[in-house]
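*Asks:* Below is one structure. I have some questions about it.
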Amino acid sequence: MPAANDRKIVLVTRKTRLEDLVARYLTAAQARFYVEHLGADFSDYEREHEVYQAQRRATLQVLEQWGRYQVIERAYLPNFIFAPDDIVVALGQDGVVANTMKYLDDHPLIGLNPDPARYDGILLPFAPRDLAKLLPDVAADKRDSQAVTMAEARLGDGQVLHAVNDLFIGARTHVSAIYEIAAGGTRERQSSSGLIVSTGLGSTAWFKSIVTGSLAIAGSFGQSPSLTGYEALPWDAAELRFAVREPFPSLHSETNLVCGRLASEEQLRIRSLMAENGVIFSDGVEADRLDFNAGAEVTIGIARRRGRLIV
């Protein structure tokens with residue numbers, strides 16, 4: 001283990017909405033015209049950009065005093081190789097932390113909230129001004145951390161994708177996903193809008209929205225369900241949950257295996273029956289995806305690696 005101040009810091013940043021607009025429309029003036037032509041407030045984009053850039057500069061000032069550091073934009077994470085002793089810092093929103101964590105293997109990850117007035121920051125317990133005091137403790141392993149369970153999707157050809165919140169398995173476009181699903185000794189062919197597999201961290205997000213919508217629809221047909229019995233999992237729970245979105249019953253598809261739990265050693269197996277456009281992606285990032293077309297089979301379970309969020 002190198003000396004504390006010899007450990008490299010990797011800062012993960014993101015493009016602001018303004019930067020994305022300028023990249024699309026070439027100039028800020030053209031971006032302004034586009035936004036205001038739609039009746040939106042362009043100044044909100046400018047304020048967000050100014051605040052984020054100011055906090056980015058404040059973070060870099062701390063890192064320059066520290067020593068070795070590297071800055072990487074979120075889009076390049078899939079191809080970036082972290083050294084085993086790197087300390088990773090993510091400059092918000094929450095999604096940046098989740099997108100970063102799935103490429104780490106027990107690396108300490110510090111989430112910085114650049115704009116508390118704009119972002120709730122569940123995964124962003126610190127501000128850039130806290131970084132100078134945090135780094136020495138984190139580098140010396142004297143800071144508490146929260147373990148985060150990850151999910152893993154592994155294809156038969158060896159390709160692997162990790163998820164901090166959830167995995168999506170389905171079709172890229174708004175068409176039915178056709179596949180065979182197997183879990184707990186049950187196997188059936190399904191046609192649906194795809195399915196998600198959620199971790200403990202993700203159990204309060206997309207998975208909960210699926211449960212909420214399903215119960216509301218059931219309620220509209222005369223029942224009175226509620227979410228009083230729904231309990232989100234702890235972030236470090238040794239359990240995954242899965243749910244099928246809009247399963248369709250027909251002569252060729254069943255709807256018996258539409259939700260369930262996967263304990264430590266349990267696995268969910270899915271075989272694609274889609275000729276094209278089948279995908280698996282995680283944490284809402286479709287750009288970093290696995291193709292999942294006819295004949296491909298994926299095994300999903302709890303990942304060996306875990307996230308480690310500094311608290």
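Ligands are numbered from 1 in the order shown, residues from 1 within each chain, and chains are lettered A, B, ... in the order they appear in the structure tokens.
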List as an NGL selection string the protein and nucleic acid residues near Leu109 in chain A, meaning an atom at most 12 Å away when only C-alpha atoms are counted, but skip any in the same chain fewer than 2 places from it.
*Replies:* :A and (9-12 or 85-92 or 96-107 or 111-112 or 123-126 or 131 or 134-135 or 138-139 or 143-148 or 306-311)
*Asks:* Grab the residues selected above and save them as a compact mmCIF listing (two decimals), in the first residue's frame with N, CA and C atoms.
*Replies:*
```txt
# COMPACT_ATOMS: atom_id res chain seq x y z
N ILE A 9 -5.94 10.31 -7.14
CA ILE A 9 -7.36 10.63 -7.09
C ILE A 9 -7.88 10.66 -8.53
N VAL A 10 -8.96 9.96 -8.79
CA VAL A 10 -9.63 10.02 -10.09
C VAL A 10 -10.93 10.78 -9.91
N LEU A 11 -11.03 11.95 -10.55
CA LEU A 11 -12.24 12.77 -10.48
C LEU A 11 -13.11 12.49 -11.69
N VAL A 12 -14.34 12.06 -11.44
CA VAL A 12 -15.29 11.81 -12.52
C VAL A 12 -16.26 12.98 -12.60
N ASP A 85 -5.36 0.98 -6.08
CA ASP A 85 -5.31 1.87 -4.93
C ASP A 85 -5.86 3.26 -5.23
N ASP A 86 -6.53 3.44 -6.36
CA ASP A 86 -7.11 4.74 -6.68
C ASP A 86 -8.22 5.10 -5.70
N ILE A 87 -8.32 6.39 -5.40
CA ILE A 87 -9.48 6.94 -4.70
C ILE A 87 -10.31 7.68 -5.73
N VAL A 88 -11.61 7.44 -5.75
CA VAL A 88 -12.45 7.98 -6.81
C VAL A 88 -13.40 9.03 -6.23
N VAL A 89 -13.50 10.14 -6.91
CA VAL A 89 -14.39 11.23 -6.52
C VAL A 89 -15.35 11.50 -7.67
N ALA A 90 -16.65 11.52 -7.39
CA ALA A 90 -17.65 11.79 -8.41
C ALA A 90 -18.35 13.11 -8.08
N LEU A 91 -18.33 14.03 -9.03
CA LEU A 91 -18.95 15.34 -8.84
C LEU A 91 -20.34 15.31 -9.44
N GLY A 92 -21.36 15.01 -8.63
CA GLY A 92 -22.78 14.86 -8.85
C GLY A 92 -23.32 15.04 -10.24
N VAL A 96 -24.23 10.12 -11.50
CA VAL A 96 -22.79 10.05 -11.76
C VAL A 96 -22.14 9.07 -10.78
N VAL A 97 -22.59 9.08 -9.54
CA VAL A 97 -22.05 8.15 -8.54
C VAL A 97 -22.37 6.71 -8.93
N ALA A 98 -23.64 6.45 -9.28
CA ALA A 98 -24.03 5.10 -9.66
C ALA A 98 -23.30 4.64 -10.91
N ASN A 99 -23.21 5.51 -11.92
CA ASN A 99 -22.52 5.15 -13.16
C ASN A 99 -21.05 4.88 -12.93
N THR A 100 -20.46 5.57 -11.96
CA THR A 100 -19.04 5.37 -11.65
C THR A 100 -18.84 4.09 -10.86
N MET A 101 -19.67 3.86 -9.85
CA MET A 101 -19.47 2.75 -8.93
C MET A 101 -19.46 1.40 -9.63
N LYS A 102 -20.24 1.24 -10.69
CA LYS A 102 -20.34 -0.08 -11.30
C LYS A 102 -19.06 -0.50 -12.02
N TYR A 103 -18.14 0.44 -12.21
CA TYR A 103 -16.84 0.11 -12.82
C TYR A 103 -15.75 -0.06 -11.77
N LEU A 104 -16.11 0.04 -10.50
CA LEU A 104 -15.13 -0.06 -9.42
C LEU A 104 -15.21 -1.42 -8.74
N ASP A 105 -14.17 -1.75 -8.03
CA ASP A 105 -14.12 -3.01 -7.29
C ASP A 105 -13.57 -2.73 -5.90
N ASP A 106 -14.47 -2.31 -5.02
CA ASP A 106 -14.14 -1.97 -3.63
C ASP A 106 -13.26 -0.73 -3.52
N HIS A 107 -13.20 0.10 -4.55
CA HIS A 107 -12.50 1.38 -4.45
C HIS A 107 -13.33 2.34 -3.58
N GLY A 111 -18.84 10.93 -3.09
CA GLY A 111 -19.82 11.65 -3.88
C GLY A 111 -19.92 13.09 -3.44
N LEU A 112 -19.70 14.02 -4.37
CA LEU A 112 -19.76 15.46 -4.08
C LEU A 112 -20.99 16.08 -4.75
N LEU A 123 -26.79 10.04 -2.82
CA LEU A 123 -25.46 9.44 -2.91
C LEU A 123 -24.36 10.50 -2.88
N LEU A 124 -24.73 11.71 -2.51
CA LEU A 124 -23.79 12.84 -2.53
C LEU A 124 -23.74 13.49 -1.15
N PRO A 125 -23.14 12.83 -0.17
CA PRO A 125 -23.19 13.36 1.20
C PRO A 125 -22.25 14.53 1.45
N PHE A 126 -21.37 14.84 0.50
CA PHE A 126 -20.36 15.87 0.74
C PHE A 126 -20.42 16.96 -0.33
N LEU A 131 -13.70 18.27 0.69
CA LEU A 131 -12.77 17.30 0.13
C LEU A 131 -11.39 17.35 0.78
N LEU A 134 -11.45 15.36 3.85
CA LEU A 134 -11.82 13.98 3.64
C LEU A 134 -10.66 13.13 3.13
N LEU A 135 -9.92 13.65 2.16
CA LEU A 135 -8.94 12.83 1.45
C LEU A 135 -7.90 12.17 2.36
N VAL A 138 -9.60 9.21 4.07
CA VAL A 138 -9.96 8.15 3.13
C VAL A 138 -8.70 7.42 2.67
N ALA A 139 -7.65 8.16 2.37
CA ALA A 139 -6.41 7.55 1.90
C ALA A 139 -5.78 6.66 2.97
N ARG A 143 -11.88 6.32 7.26
CA ARG A 143 -13.22 6.88 7.08
C ARG A 143 -14.23 5.74 6.89
N ASP A 144 -15.40 5.89 7.52
CA ASP A 144 -16.45 4.88 7.36
C ASP A 144 -16.98 4.87 5.93
N SER A 145 -17.48 3.70 5.53
CA SER A 145 -18.05 3.58 4.20
C SER A 145 -19.29 2.70 4.25
N GLN A 146 -20.13 2.85 3.24
CA GLN A 146 -21.35 2.06 3.11
C GLN A 146 -21.16 1.07 1.97
N ALA A 147 -21.29 -0.23 2.27
CA ALA A 147 -21.19 -1.24 1.23
C ALA A 147 -22.45 -1.22 0.37
N VAL A 148 -22.28 -1.44 -0.92
CA VAL A 148 -23.39 -1.43 -1.87
C VAL A 148 -23.34 -2.71 -2.70
N ARG A 306 -18.29 -5.34 -4.92
CA ARG A 306 -19.23 -4.48 -4.19
C ARG A 306 -18.78 -3.04 -4.30
N GLY A 307 -19.74 -2.14 -4.20
CA GLY A 307 -19.42 -0.73 -4.15
C GLY A 307 -19.07 -0.32 -2.73
N ARG A 308 -18.31 0.78 -2.61
CA ARG A 308 -17.94 1.28 -1.28
C ARG A 308 -18.05 2.79 -1.29
N LEU A 309 -19.16 3.30 -0.79
CA LEU A 309 -19.42 4.73 -0.78
C LEU A 309 -18.99 5.33 0.56
N ILE A 310 -18.13 6.32 0.51
CA ILE A 310 -17.67 6.99 1.71
C ILE A 310 -18.81 7.79 2.32
N VAL A 311 -18.95 7.68 3.64
CA VAL A 311 -20.03 8.38 4.34
C VAL A 311 -19.46 9.21 5.48
```
*Asks:* Please return, as a VMD selection string, all residues of range 22-252 of chain A that DSSP assigns to strand (DSSP E or B) on the basis of the backbone.
*Replies:* chain A and resid 69 to 73 87 to 91 108 to 112 126 145 to 155 160 to 163 166 to 171 177 to 183 186 to 192 195 to 198 239 to 244 250
*Asks:* Where does range 52-160 of chain A meet range 253-267 of chain A within 12 Å, residue by residue, with the nearest atom pair and distance in Å to one decimal for each, counting only C-alpha atoms, listed by chain and rising number, as a tab-separated table?
*Replies:*
```
residue	atom	partner	partner_atom	distance
A:Thr149	CA	A:Ser264	CA	10.6
A:Met150	CA	A:Ser264	CA	11.4
A:Ala151	CA	A:Leu262	CA	10.3
A:Glu152	CA	A:Gln267	CA	10.0
A:Ala153	CA	A:Gln267	CA	9.9
A:Arg154	CA	A:Gln267	CA	10.7
```
*Asks:* Please extract the residues of range 92-293 of chain A with a backbone DSSP assignment of helix (DSSP H, G or I) and present them as a VMD selection string.
*Replies:* chain A and resid 94 to 101 128 to 139 201 to 204 206 to 220
*Asks:* Hey, what's within 9 Å of Gly67 in chain A if we count only C-alpha atoms and toss same-chain stuff fewer than 6 positions away? As a VMD selection string, please?
*Replies:* chain A and resid 5 to 9
*Asks:* Go ahead and dump the residues you just picked, N, CA and C atoms, as an mmCIF file, in the first residue's frame.
*Replies:*
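Result written to again-v2.cif:
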```cif
data_model
loop_
_atom_site.group_PDB
_atom_site.id
_atom_site.type_symbol
_atom_site.label_atom_id
_atom_site.label_comp_id
_atom_site.auth_asym_id
_atom_site.auth_seq_id
_atom_site.Cartn_x
_atom_site.Cartn_y
_atom_site.Cartn_z
ATOM 1 N N ASN A 5 -0.579 10.070 0.801
ATOM 2 C CA ASN A 5 -0.564 11.171 -0.163
ATOM 3 C C ASN A 5 0.005 10.776 -1.515
ATOM 4 N N ASP A 6 0.398 9.485 -1.682
ATOM 5 C CA ASP A 6 0.842 8.993 -2.977
ATOM 6 C C ASP A 6 -0.302 8.369 -3.772
ATOM 7 N N ARG A 7 -1.440 8.171 -3.147
ATOM 8 C CA ARG A 7 -2.563 7.550 -3.845
ATOM 9 C C ARG A 7 -3.172 8.536 -4.840
ATOM 10 N N LYS A 8 -3.409 8.059 -6.055
ATOM 11 C CA LYS A 8 -3.967 8.925 -7.091
ATOM 12 C C LYS A 8 -5.467 9.108 -6.882
ATOM 13 N N ILE A 9 -5.942 10.312 -7.138
ATOM 14 C CA ILE A 9 -7.361 10.625 -7.091
ATOM 15 C C ILE A 9 -7.880 10.660 -8.527
#
```
*Asks:* As an MDAnalysis selection string, please: the residues near Ile210 in chain A (cut-off 10 Å, only C-alpha atoms, same-chain neighbours under 3 positions excluded).
*Replies:* chainID A and resid 196 205:207 213:216 243:246
*Asks:* Can you pull out every residue within 10 Å of Gln159 in chain A, counting only C-alpha atoms, but drop anything in the same chain fewer than 3 positions away, and send it as a list in words?
*Replies:* Ala153, Arg154, Leu155, Gly156, Leu290, Asp291 and Val298 of chain A
*Asks:* Nearest to Asn165 in chain A: which of A:Asp236, A:Asp137, A:Glu48, A:Glu19 is it, counting only C-alpha atoms?
*Replies:*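 Of the candidates, the smallest distance to Asn165 in chain A is held by A:Asp236.
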*Asks:* At a cut-off of 10 Å, can you tabulate as JSON lines every residue of range 165-195 of chain A near range 292-297 of chain A together with its closest atom pair and the distance in Å to one decimal, using only C-alpha atoms and ordering rows by chain then number?
*Replies:*
```
{"residue": "A:Ile169", "atom": "CA", "partner": "A:Phe292", "partner_atom": "CA", "distance": 8.1}
{"residue": "A:Gly170", "atom": "CA", "partner": "A:Phe292", "partner_atom": "CA", "distance": 8.0}
{"residue": "A:Ala171", "atom": "CA", "partner": "A:Phe292", "partner_atom": "CA", "distance": 8.5}
{"residue": "A:Arg172", "atom": "CA", "partner": "A:Phe292", "partner_atom": "CA", "distance": 9.9}
{"residue": "A:Ile178", "atom": "CA", "partner": "A:Ala294", "partner_atom": "CA", "distance": 9.3}
{"residue": "A:Tyr179", "atom": "CA", "partner": "A:Ala294", "partner_atom": "CA", "distance": 8.6}
{"residue": "A:Glu180", "atom": "CA", "partner": "A:Glu297", "partner_atom": "CA", "distance": 9.2}
{"residue": "A:Ile181", "atom": "CA", "partner": "A:Glu297", "partner_atom": "CA", "distance": 9.7}
```
*Asks:* Go through range 148-223 of chain A residue by residue and, counting only C-alpha atoms, keep those with an atom at most 10 Å from range 286-289 of chain A; for each kept residue give the shortest atom pair and its distance in Å to one decimal, ordered by chain and increasing number, as a Markdown table.
*Replies:*
```
| residue | atom | partner | partner_atom | distance |
| --- | --- | --- | --- | --- |
| A:Val160 | CA | A:Arg289 | CA | 9.9 |
| A:Leu161 | CA | A:Arg289 | CA | 7.8 |
| A:Phe168 | CA | A:Glu286 | CA | 9.3 |
| A:Arg172 | CA | A:Glu286 | CA | 8.7 |
```
*Asks:* I'd like to know which of A:Arg17, A:Gln65, A:Phe281, A:Val71 is closest to Ser43 in chain A, using only C-alpha atoms.
*Replies:* A:Arg17
